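Shown below: start14.csv, with CSV, C-alpha atoms and all ligand atoms.
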chain,number,residue,atom,x,y,z
A,1,MET,CA,123.7,192.6,97.5
A,2,ARG,CA,122.2,189.5,99.0
A,3,ARG,CA,124.4,187.3,96.8
A,4,PHE,CA,127.5,189.3,97.8
A,5,ALA,CA,126.6,188.8,101.5
A,6,ALA,CA,126.3,185.1,100.9
A,7,CYS,CA,129.7,185.0,99.2
A,8,VAL,CA,131.3,186.8,102.1
A,9,ALA,CA,129.6,184.4,104.5
A,10,LEU,CA,131.0,181.5,102.7
A,11,ARG,CA,134.6,182.8,102.7
A,12,PRO,CA,135.5,181.5,106.1
A,13,LEU,CA,134.6,178.0,104.9
A,14,ALA,CA,137.1,178.3,102.1
A,15,CYS,CA,139.7,179.2,104.7
A,16,VAL,CA,139.2,176.0,106.5
A,17,SER,CA,139.0,173.8,103.4
A,18,ALA,CA,142.3,172.1,104.2
A,19,LEU,CA,141.0,171.2,107.6
A,20,GLY,CA,137.8,170.1,105.8
A,21,CYS,CA,139.8,167.8,103.6
A,22,MET,CA,141.6,166.3,106.6
A,23,LEU,CA,138.3,165.7,108.3
A,24,PHE,CA,137.0,164.1,105.1
A,25,ALA,CA,140.0,161.9,104.8
A,26,GLY,CA,139.6,161.0,108.5
A,27,ALA,CA,135.9,160.0,107.9
A,28,ALA,CA,137.0,157.7,105.1
A,29,ALA,CA,139.4,155.9,107.4
A,30,SER,CA,136.9,155.4,110.2
A,31,SER,CA,134.2,153.1,108.9
A,32,GLN,CA,132.8,151.3,111.9
A,33,THR,CA,131.6,148.5,109.7
A,34,LEU,CA,134.9,148.0,108.0
A,35,LYS,CA,136.7,148.0,111.3
A,36,ALA,CA,134.2,145.5,112.7
A,37,VAL,CA,134.7,143.3,109.7
A,38,LYS,CA,138.5,143.4,110.0
A,39,ASP,CA,138.4,142.7,113.7
A,40,ARG,CA,136.1,139.8,113.2
A,41,GLY,CA,138.1,138.5,110.3
A,42,ALA,CA,135.1,138.0,108.1
A,43,VAL,CA,132.2,139.7,106.3
A,44,ALA,CA,128.9,138.8,107.8
A,45,CYS,CA,126.7,138.4,104.8
A,46,GLY,CA,122.9,138.0,104.8
A,47,VAL,CA,121.8,135.6,102.1
A,48,SER,CA,118.7,133.6,101.3
A,49,GLN,CA,117.8,130.2,102.7
A,50,GLY,CA,118.1,128.8,99.2
A,51,VAL,CA,117.6,130.3,95.8
A,52,ILE,CA,119.5,128.5,93.1
A,53,GLY,CA,121.9,130.8,91.2
A,54,PHE,CA,121.7,133.5,93.9
A,55,SER,CA,122.5,131.9,97.3
A,56,ALA,CA,122.1,128.2,97.9
A,57,GLN,CA,124.0,125.6,99.8
A,58,SER,CA,125.1,122.3,98.3
A,59,GLU,CA,124.7,119.0,100.2
A,60,ASP,CA,128.2,119.4,101.5
A,61,LYS,CA,127.3,122.9,102.8
A,62,ILE,CA,129.2,124.9,100.2
A,63,TRP,CA,127.4,128.2,99.3
A,64,SER,CA,127.1,129.3,95.7
A,65,GLY,CA,125.4,132.0,93.7
A,66,ILE,CA,125.7,135.5,92.4
A,67,ASP,CA,124.8,137.0,95.8
A,68,VAL,CA,127.3,134.6,97.5
A,69,ASP,CA,130.0,135.6,95.0
A,70,PHE,CA,129.3,139.3,95.7
A,71,CYS,CA,130.1,138.7,99.4
A,72,ARG,CA,133.2,136.8,98.4
A,73,ALA,CA,134.2,139.7,96.2
A,74,LEU,CA,133.9,142.0,99.2
A,75,ALA,CA,136.0,139.7,101.3
A,76,ALA,CA,138.6,139.5,98.6
A,77,ALA,CA,138.8,143.3,98.4
A,78,ILE,CA,139.2,143.6,102.1
A,79,PHE,CA,141.3,140.5,103.0
A,80,ASP,CA,142.6,139.2,99.7
A,81,ASP,CA,140.8,136.1,100.7
A,82,ALA,CA,137.4,135.2,99.2
A,83,SER,CA,136.7,132.7,101.9
A,84,LYS,CA,136.5,135.2,104.7
A,85,VAL,CA,132.7,135.4,104.7
A,86,THR,CA,130.2,134.2,107.3
A,87,PHE,CA,126.9,133.4,105.4
A,88,VAL,CA,123.8,134.1,107.5
A,89,PRO,CA,120.7,132.6,105.8
A,90,LEU,CA,117.6,134.8,106.3
A,91,SER,CA,114.0,134.5,105.3
A,92,ALA,CA,112.3,137.5,103.6
A,93,ASP,CA,110.7,138.5,106.9
A,94,GLU,CA,113.9,138.5,108.8
A,95,ARG,CA,116.4,140.1,106.4
A,96,PHE,CA,116.0,143.9,107.1
A,97,GLN,CA,115.9,143.5,110.8
A,98,ALA,CA,119.1,141.4,110.7
A,99,LEU,CA,120.8,144.3,109.0
A,100,GLN,CA,119.5,146.9,111.5
A,101,ALA,CA,120.4,144.6,114.4
A,102,LYS,CA,124.0,144.5,113.0
A,103,THR,CA,123.8,140.7,112.8
A,104,ILE,CA,125.1,141.2,109.2
A,105,ASP,CA,127.3,143.8,107.5
A,106,VAL,CA,125.6,143.5,104.2
A,107,LEU,CA,122.4,142.0,102.8
A,108,SER,CA,123.1,140.2,99.6
A,109,ARG,CA,119.8,138.3,99.2
A,110,ASN,CA,117.9,138.8,96.0
A,111,SER,CA,116.4,141.9,97.6
A,112,THR,CA,114.5,144.4,95.5
A,113,TRP,CA,115.6,148.1,95.6
A,114,THR,CA,112.4,150.0,96.3
A,115,MET,CA,111.8,153.6,97.6
A,116,GLY,CA,110.1,152.5,100.8
A,117,ARG,CA,112.9,150.2,101.8
A,118,GLU,CA,115.2,153.3,101.8
A,119,THR,CA,112.8,155.9,103.2
A,120,GLU,CA,110.8,153.7,105.7
A,121,GLN,CA,113.1,150.8,106.5
A,122,GLY,CA,116.4,152.7,106.7
A,123,LEU,CA,118.3,150.7,104.1
A,124,LEU,CA,120.6,151.9,101.3
A,125,PHE,CA,120.9,149.9,98.2
A,126,ALA,CA,124.4,150.0,96.9
A,127,GLY,CA,123.5,149.0,93.3
A,128,VAL,CA,121.9,146.3,91.2
A,129,ASN,CA,123.5,143.0,90.4
A,130,PHE,CA,120.5,141.5,88.6
A,131,TYR,CA,117.5,143.1,87.0
A,132,ASP,CA,114.6,140.8,87.6
A,133,GLY,CA,110.8,140.9,87.4
A,134,GLN,CA,107.9,138.9,88.9
A,135,GLY,CA,106.5,135.9,87.2
A,136,PHE,CA,104.1,133.0,87.6
A,137,LEU,CA,104.8,129.2,87.6
A,138,VAL,CA,101.9,127.0,86.7
A,139,GLY,CA,101.3,123.3,85.9
A,140,HIS,CA,101.6,122.7,82.1
A,141,ALA,CA,98.4,120.6,82.4
A,142,ARG,CA,96.4,123.8,83.1
A,143,ASN,CA,97.1,124.8,79.5
A,144,LEU,CA,97.4,128.5,80.3
A,145,THR,CA,99.2,130.9,78.0
A,146,SER,CA,98.8,134.2,79.9
A,147,ALA,CA,98.7,135.4,83.5
A,148,LEU,CA,95.5,137.2,82.6
A,149,GLU,CA,93.9,133.7,82.7
A,150,LEU,CA,94.7,133.3,86.3
A,151,THR,CA,91.5,134.7,87.8
A,152,GLY,CA,90.1,132.5,90.6
A,153,SER,CA,93.5,130.9,91.3
A,154,LYS,CA,95.0,130.0,94.6
A,155,VAL,CA,98.5,131.6,94.6
A,156,CYS,CA,101.4,130.5,96.7
A,157,VAL,CA,103.5,133.5,97.7
A,158,GLN,CA,106.2,134.2,100.3
A,159,SER,CA,105.4,136.8,103.0
A,160,GLY,CA,107.6,139.9,103.6
A,161,THR,CA,108.3,140.3,99.9
A,162,THR,CA,107.5,142.7,97.1
A,163,THR,CA,106.0,139.7,95.4
A,164,GLU,CA,102.9,139.7,97.6
A,165,LEU,CA,102.4,143.4,97.1
A,166,ASN,CA,102.8,143.2,93.3
A,167,LEU,CA,100.4,140.2,93.2
A,168,ARG,CA,97.7,142.4,94.9
A,169,ASP,CA,98.3,145.2,92.5
A,170,TYR,CA,98.3,143.0,89.4
A,171,PHE,CA,95.1,141.2,90.2
A,172,ALA,CA,93.3,144.4,91.3
A,173,ALA,CA,94.5,146.3,88.2
A,174,ASN,CA,93.1,143.6,86.0
A,175,GLY,CA,89.9,143.0,87.9
A,176,MET,CA,90.8,139.4,88.7
A,177,ARG,CA,90.0,137.4,91.8
A,178,TYR,CA,92.5,135.3,93.7
A,179,GLU,CA,93.2,133.7,97.0
A,180,THR,CA,96.7,133.8,98.6
A,181,VAL,CA,98.3,130.8,100.2
A,182,PRO,CA,101.1,132.6,102.2
A,183,ALA,CA,104.3,130.9,103.2
A,184,GLY,CA,107.1,132.0,105.5
A,185,THR,CA,109.8,130.4,103.3
A,186,LEU,CA,110.3,129.5,99.7
A,187,ARG,CA,110.7,125.9,100.7
A,188,GLU,CA,107.2,126.0,102.2
A,189,ALA,CA,105.8,127.8,99.2
A,190,LEU,CA,107.2,125.2,96.8
A,191,ALA,CA,105.9,122.3,99.0
A,192,ALA,CA,102.4,123.8,98.9
A,193,TYR,CA,102.6,124.2,95.2
A,194,VAL,CA,103.9,120.7,94.6
A,195,GLU,CA,101.2,119.2,96.9
A,196,GLY,CA,98.5,121.1,95.1
A,197,ARG,CA,97.5,123.4,97.9
A,198,CYS,CA,97.8,126.2,95.5
A,199,ASP,CA,97.7,126.2,91.7
A,200,VAL,CA,100.2,129.0,91.0
A,201,LEU,CA,103.6,129.8,92.5
A,202,THR,CA,104.6,133.5,92.1
A,203,GLY,CA,108.0,135.0,92.8
A,204,ASP,CA,111.0,136.7,91.1
A,205,ALA,CA,111.2,135.0,87.6
A,206,SER,CA,114.8,134.0,88.3
A,207,ALA,CA,113.8,132.2,91.5
A,208,LEU,CA,110.9,130.5,89.6
A,209,HIS,CA,113.5,129.0,87.2
A,210,GLY,CA,115.3,127.5,90.2
A,211,GLU,CA,112.1,126.3,91.9
A,212,ARG,CA,110.9,124.6,88.8
A,213,LEU,CA,114.1,122.5,88.8
A,214,LYS,CA,113.2,121.3,92.3
A,215,THR,CA,109.8,120.0,91.3
A,216,PRO,CA,109.6,116.2,90.6
A,217,GLN,CA,108.9,116.8,86.8
A,218,PRO,CA,110.3,120.3,85.8
A,219,ALA,CA,109.1,119.9,82.2
A,220,GLU,CA,105.5,119.8,83.5
A,221,HIS,CA,105.6,123.4,84.7
A,222,ASP,CA,105.6,126.6,82.7
A,223,ILE,CA,106.6,130.1,83.5
A,224,LEU,CA,103.9,132.4,82.0
A,225,PRO,CA,105.1,135.1,79.7
A,226,GLU,CA,104.0,138.1,81.7
A,227,ILE,CA,106.6,139.8,83.9
A,228,ILE,CA,104.4,142.0,86.2
A,229,SER,CA,106.9,144.1,88.0
A,230,LYS,CA,110.4,145.6,88.2
A,231,GLU,CA,112.7,143.8,90.6
A,232,PRO,CA,116.1,145.4,90.6
A,233,LEU,CA,118.0,143.1,93.0
A,234,GLY,CA,121.2,144.2,94.7
A,235,PRO,CA,123.1,144.5,98.0
A,236,ALA,CA,121.9,146.7,100.8
A,237,VAL,CA,123.5,148.2,103.8
A,238,ARG,CA,122.5,150.4,106.8
A,239,GLN,CA,122.4,154.2,106.4
A,240,ASP,CA,124.9,154.8,109.2
A,241,ASP,CA,128.2,154.2,107.4
A,242,VAL,CA,128.9,156.1,104.2
A,243,GLN,CA,132.3,154.6,103.7
A,244,TRP,CA,131.0,151.0,104.0
A,245,PHE,CA,128.2,151.9,101.6
A,246,ASN,CA,130.9,153.2,99.1
A,247,ILE,CA,132.9,150.0,99.5
A,248,VAL,CA,129.9,147.8,98.8
A,249,LYS,CA,128.8,150.0,95.9
A,250,TRP,CA,132.2,150.1,94.2
A,251,VAL,CA,132.9,146.4,94.6
A,252,ASN,CA,129.8,145.9,92.4
A,253,PHE,CA,130.8,148.7,90.0
A,254,ALA,CA,134.4,147.4,89.8
A,255,MET,CA,133.2,143.9,88.7
A,256,LEU,CA,131.1,145.5,85.9
A,257,ASP,CA,133.9,147.9,84.9
A,258,ALA,CA,136.3,145.0,84.7
A,259,GLU,CA,133.9,143.1,82.4
A,260,GLU,CA,133.6,146.2,80.2
A,261,LEU,CA,137.3,146.6,80.0
A,262,GLY,CA,137.8,142.9,79.2
A,263,VAL,CA,139.6,142.2,82.5
A,264,SER,CA,138.8,138.8,83.9
A,265,SER,CA,140.5,136.3,86.2
A,266,GLU,CA,142.2,134.9,83.1
A,267,THR,CA,143.5,138.3,81.8
A,268,ILE,CA,144.3,140.1,85.0
A,269,ASP,CA,148.0,139.6,84.7
A,270,VAL,CA,148.0,141.2,81.2
A,271,ALA,CA,145.9,144.1,82.6
A,272,LEU,CA,148.5,144.6,85.3
A,273,VAL,CA,151.2,145.5,82.8
A,274,SER,CA,148.9,147.5,80.5
A,275,THR,CA,149.7,151.1,79.7
A,276,ASN,CA,146.0,151.9,79.1
A,277,PRO,CA,145.1,154.6,81.6
A,278,GLU,CA,141.6,153.1,82.3
A,279,LEU,CA,143.2,149.7,83.0
A,280,LYS,CA,145.9,151.3,85.2
A,281,ARG,CA,143.2,153.0,87.4
A,282,LEU,CA,141.3,149.7,87.6
A,283,VAL,CA,144.3,147.7,88.7
A,284,GLY,CA,145.6,150.5,91.0
A,285,SER,CA,148.9,151.2,89.2
A,286,GLU,CA,147.6,154.8,88.7
A,287,GLY,CA,145.7,156.8,91.3
A,288,ASN,CA,144.8,155.8,94.8
A,289,PHE,CA,141.2,154.9,94.5
A,290,GLY,CA,141.4,151.8,96.7
A,291,GLU,CA,143.1,153.7,99.5
A,292,GLN,CA,140.4,156.4,99.3
A,293,LEU,CA,137.8,153.6,100.0
A,294,GLY,CA,139.8,152.5,103.0
A,295,LEU,CA,141.2,149.5,101.1
A,296,THR,CA,144.4,148.8,99.3
A,297,GLY,CA,145.5,150.0,95.8
A,298,ASP,CA,145.1,146.4,94.4
A,299,TRP,CA,141.5,146.0,95.7
A,300,VAL,CA,140.1,145.3,92.2
A,301,VAL,CA,142.9,142.9,91.3
A,302,ARG,CA,142.0,140.9,94.5
A,303,ILE,CA,138.4,140.8,93.5
A,304,ILE,CA,139.1,139.7,89.9
A,305,ARG,CA,141.7,137.2,90.8
A,306,ARG,CA,139.7,135.5,93.6
A,307,VAL,CA,136.2,135.8,92.3
A,308,GLY,CA,136.1,137.2,88.7
A,309,ASN,CA,134.4,140.0,86.9
A,310,TYR,CA,130.6,140.3,86.6
A,311,ALA,CA,130.4,138.1,83.5
A,312,GLU,CA,132.4,135.3,85.1
A,313,VAL,CA,130.1,135.4,88.1
A,314,TYR,CA,126.9,135.5,86.0
A,315,ASP,CA,128.0,132.7,83.7
A,316,ARG,CA,128.9,130.2,86.4
A,317,ASN,CA,125.8,130.9,88.5
A,318,ILE,CA,123.0,132.0,86.3
A,319,GLY,CA,124.0,131.9,82.6
A,320,VAL,CA,123.0,129.5,79.9
A,321,LYS,CA,125.8,127.1,80.7
A,322,SER,CA,124.8,126.9,84.4
A,323,LYS,CA,122.0,124.8,85.9
A,324,LEU,CA,119.7,127.8,85.9
A,325,GLY,CA,120.3,128.5,82.2
A,326,ILE,CA,119.0,132.2,82.1
A,327,PRO,CA,120.4,134.2,79.2
A,328,ARG,CA,122.0,137.6,80.0
A,329,GLY,CA,119.1,139.5,78.4
A,330,ILE,CA,118.7,143.0,80.0
A,331,ASN,CA,121.6,142.0,82.4
A,332,GLN,CA,124.0,142.5,79.6
A,333,LEU,CA,126.4,145.5,79.9
A,334,TRP,CA,125.1,148.7,78.2
A,335,ILE,CA,127.7,148.3,75.5
A,336,SER,CA,126.1,145.0,74.5
A,337,GLY,CA,122.5,146.2,74.5
A,338,GLY,CA,121.7,145.6,78.2
A,339,ILE,CA,121.1,148.1,81.1
A,340,LEU,CA,124.1,147.3,83.3
A,341,TYR,CA,126.1,150.5,83.5
A,342,ALA,CA,128.8,151.2,86.1
A,343,PRO,CA,130.3,154.7,86.6
A,344,PRO,CA,134.0,155.0,85.7
A,345,ILE,CA,136.8,154.6,88.2
A,346,ARG,CA,138.5,158.0,87.9
B,401,LIG,N1,112.9,140.3,95.4
B,401,LIG,C1,111.8,140.2,96.3
B,401,LIG,C2,111.5,138.8,96.7
B,401,LIG,C3,112.6,138.3,97.5
B,401,LIG,C4,112.3,136.9,98.1
B,401,LIG,O1,112.5,136.6,99.4
B,401,LIG,N2,111.9,135.9,97.3
B,401,LIG,C5,111.7,134.6,97.7
B,401,LIG,C6,111.1,133.7,96.7
B,401,LIG,S1,110.9,134.4,95.1
B,401,LIG,C7,112.9,134.0,98.2
B,401,LIG,O2,114.0,134.3,97.8
B,401,LIG,N3,112.9,133.1,99.2
B,401,LIG,C8,114.0,132.4,99.7
B,401,LIG,C9,114.2,132.5,101.2
B,401,LIG,O3,113.2,132.9,101.9
B,401,LIG,O4,115.3,132.2,101.7
B,401,LIG,C10,112.0,141.1,97.5
B,401,LIG,O5,113.0,141.7,97.7
B,401,LIG,O6,111.0,141.2,98.3

Translate the structure of the given file into structure tokens.
Ligand SMILES: N[C@@H](CCC(=O)N[C@@H](CS)C(=O)NCC(=O)O)C(=O)O
Amino acid sequence: MRRFAACVALRPLACVSALGCMLFAGAAASSQTLKAVKDRGAVACGVSQGVIGFSAQSEDKIWSGIDVDFCRALAAAIFDDASKVTFVPLSADERFQALQAKTIDVLSRNSTWTMGRETEQGLLFAGVNFYDGQGFLVGHARNLTSALELTGSKVCVQSGTTTELNLRDYFAANGMRYETVPAGTLREALAAYVEGRCDVLTGDASALHGERLKTPQPAEHDILPEIISKEPLGPAVRQDDVQWFNIVKWVNFAMLDAEELGVSSETIDVALVSTNPELKRLVGSEGNFGEQLGLTGDWVVRIIRRVGNYAEVYDRNIGVKSKLGIPRGINQLWISGGILYAPPIR
């Protein structure tokens, strides 16, 4: 009886479903953030103040890195021009406030997806573009082989990060003593480490690889084997704009799907004439997925042509042939034994 009543109560909703669809389509077309980006003519992208391979500026002020390329991919999808990005360098302490204050449209700054950052800080993580974990950098001369030997150390750590929280957990869980030497920026943390004001530098392992390169004698520093945390890094947005969230999320997925389907900046023209239905949906010759995002049908083609697929971005910024030299490891696609897995475009 109750169930019947509920069905009857729902019937009027079915009657207005056409209107519902119209309202839904309207919502897709009215993203405040996309409109602001288009009016401004550029994506305002929050990045780090300098993490090699993620977001760093060369001496001639050119930004590079996987997070930088993600912003360029967004710009390519929207403007068909990867250069339409304004990079806003932010410290760890500043980054979330910059997003809430609308100084930036997207935060693409080696930021870890955690529950509290969504439930307490009002962010939405749109995906993961690098699975990282926290490590420790120590002088080779200390002759350490394990992080469990670090008791009594002075540890340089950047404030406003998951790093300082994990550090506390790890030392407490293992009954080890330590002293923190906090720093507001990574540059300060590294300076303190190099000057011997602390004897360990802790951070995301990927960042430690880059910081080691900045020391006077990189070969004199070791990254200890323990990875003490999960740091899924990815782009984040505000919670007030679902369409923009979907754009950011699907730009990331599209780059992964393109790699999985073998579509790169070198093969995109071949993909454009393929009769494979999956490729047709990816390049927009079948379906209208781009339009449903508020973009154009060729949104993925733009990304791949101007920036590349995930593998191309990884290889030039982070991979073994780059300065950083980090193998793909768990950041392989799922079909190659890794954990990167993007939902399908259909
Ligand atoms: N992924 C961690 C750490 C992020 C972080 O800010 N790491 C430091 C060093 S590992 C950094 O990138 N500093 C660069 C900067 O402040 O610009 C988080 O989201 O809290």

Problem - At most 6 Å from ligand LIG 401 (chain B) (all atoms listed in the file): residue list as an NGL selection string - result: :A and (48-51 or 90-92 or 110-112 or 161-163 or 185-186 or 203-204 or 207 or 231)

Exercise for the section: Please indicate the distance in Å from atom CA of A:Thr119 to atom CA of A:Asn246, rounded to one decimal place. Expected result: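 So the answer is 18.8 Å.
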
With 9 Å as the threshold, what does the neighbourhood of (137.9, 149.9, 81.5) contain in terms of residues, counting all atoms listed in the file? Coordinates are those of the file; answer as a CSV table (one decimal) with C-alpha atoms, in the frame of the given file.
chain,number,residue,atom,x,y,z
A,257,ASP,CA,133.9,147.9,84.9
A,258,ALA,CA,136.3,145.0,84.7
A,259,GLU,CA,133.9,143.1,82.4
A,260,GLU,CA,133.6,146.2,80.2
A,261,LEU,CA,137.3,146.6,80.0
A,262,GLY,CA,137.8,142.9,79.2
A,263,VAL,CA,139.6,142.2,82.5
A,276,ASN,CA,146.0,151.9,79.1
A,277,PRO,CA,145.1,154.6,81.6
A,278,GLU,CA,141.6,153.1,82.3
A,279,LEU,CA,143.2,149.7,83.0
A,280,LYS,CA,145.9,151.3,85.2
A,281,ARG,CA,143.2,153.0,87.4
A,282,LEU,CA,141.3,149.7,87.6
A,344,PRO,CA,134.0,155.0,85.7
A,345,ILE,CA,136.8,154.6,88.2

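The two atoms in question, atom CA of A:Ala141 and atom CA of A:Leu201, are spaced 14.6 Å apart.
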
Problem - Coordinates-based distance that separates atom CA of A:Ile339 from atom CA of A:Tyr314 (Å, one decimal) - result: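 Those two atoms sit 14.7 Å apart.
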
Problem - Neighbour list for A:Arg306 as a list of chain:residue names, cut-off 9 Å, all atoms listed in the file, skip fewer than 4 positions in-chain - result: A:Arg72, A:Ala73, A:Ala76, A:Asp80, A:Asp81, A:Ala82, A:Ser265, A:Val301, A:Arg302

Practice task
Identify, on the basis of all atoms listed in the file, every residue whose closest approach to A:Gly122 does not exceed 7 Å; exclude the query and any residue fewer than 5 positions from it along the same chain; express the result as a list in words.
Solution key: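 Near A:Gly122, the qualifying residues are Arg117, Arg238 and Gln239 of chain A.
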
Practice task
Would you kindly return, as an NGL selection string, each protein, DNA or RNA residue with an atom no farther than 12 Å from any atom of A:Ile52, considering all atoms listed in the file and excluding same-chain residues fewer than 4 positions away?
Solution key: :A and (47-48 or 56-58 or 63-68 or 109-110 or 186-187 or 204-214 or 316-319 or 322-326)

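Neighbouring residues of A:Val85 at 7 Å or closer, counting only C-alpha atoms and skipping chain neighbours under 6 positions away, are A:Ala42, A:Val43, A:Ala44, A:Cys45, A:Cys71, A:Arg72, A:Ala75.
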
Practice task
Mind checking which residues fall within 10 Å of A:Gly297, counting only C-alpha atoms, ignoring those fewer than 5 positions away in the same chain, and posting them as a PyMOL selection string?
Solution key: chain A and resi 77+281-292+302

Exercise for the section: Compare A:Asn129, A:Gln97, A:Thr180, A:Thr275 by their minimum atom-to-atom distance to A:Val248, counting all atoms listed in the file, and give me the closest one. Expected result: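 Looking only at the distances to A:Val248, the closest residue turns out to be A:Asn129.
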
Exercise for the section: Rank nothing, just name the residue among A:Phe136, A:Phe87, A:Phe253, A:Trp299 nearest to A:Ile223, using only C-alpha atoms. Expected result: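 Between A:Phe136, A:Phe87, A:Phe253, A:Trp299, the residue approaching A:Ile223 most closely is A:Phe136.
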
Practice task
Point out the residue among A:Thr86, A:Thr202, A:Ser55, A:Thr267 with the least atom-to-atom distance to A:Leu74, counting all atoms listed in the file.
Solution key: A:Thr86

Kindly provide, as a compact mmCIF listing (two decimals) with C-alpha atoms, in the coordinates of the input, the polymer residues lying within 12 Å of (103.0, 143.2, 94.8), counting only C-alpha atoms and using the coordinates exactly as they appear in the file.
# COMPACT_ATOMS: atom_id res chain seq x y z
CA THR A 112 114.50 144.40 95.50
CA THR A 114 112.40 150.00 96.30
CA GLY A 133 110.80 140.90 87.40
CA GLN A 134 107.90 138.90 88.90
CA GLY A 135 106.50 135.90 87.20
CA VAL A 157 103.50 133.50 97.70
CA GLN A 158 106.20 134.20 100.30
CA SER A 159 105.40 136.80 103.00
CA GLY A 160 107.60 139.90 103.60
CA THR A 161 108.30 140.30 99.90
CA THR A 162 107.50 142.70 97.10
CA THR A 163 106.00 139.70 95.40
CA GLU A 164 102.90 139.70 97.60
CA LEU A 165 102.40 143.40 97.10
CA ASN A 166 102.80 143.20 93.30
CA LEU A 167 100.40 140.20 93.20
CA ARG A 168 97.70 142.40 94.90
CA ASP A 169 98.30 145.20 92.50
CA TYR A 170 98.30 143.00 89.40
CA PHE A 171 95.10 141.20 90.20
CA ALA A 172 93.30 144.40 91.30
CA ALA A 173 94.50 146.30 88.20
CA THR A 180 96.70 133.80 98.60
CA THR A 202 104.60 133.50 92.10
CA GLY A 203 108.00 135.00 92.80
CA ASP A 204 111.00 136.70 91.10
CA ILE A 227 106.60 139.80 83.90
CA ILE A 228 104.40 142.00 86.20
CA SER A 229 106.90 144.10 88.00
CA LYS A 230 110.40 145.60 88.20
CA GLU A 231 112.70 143.80 90.60
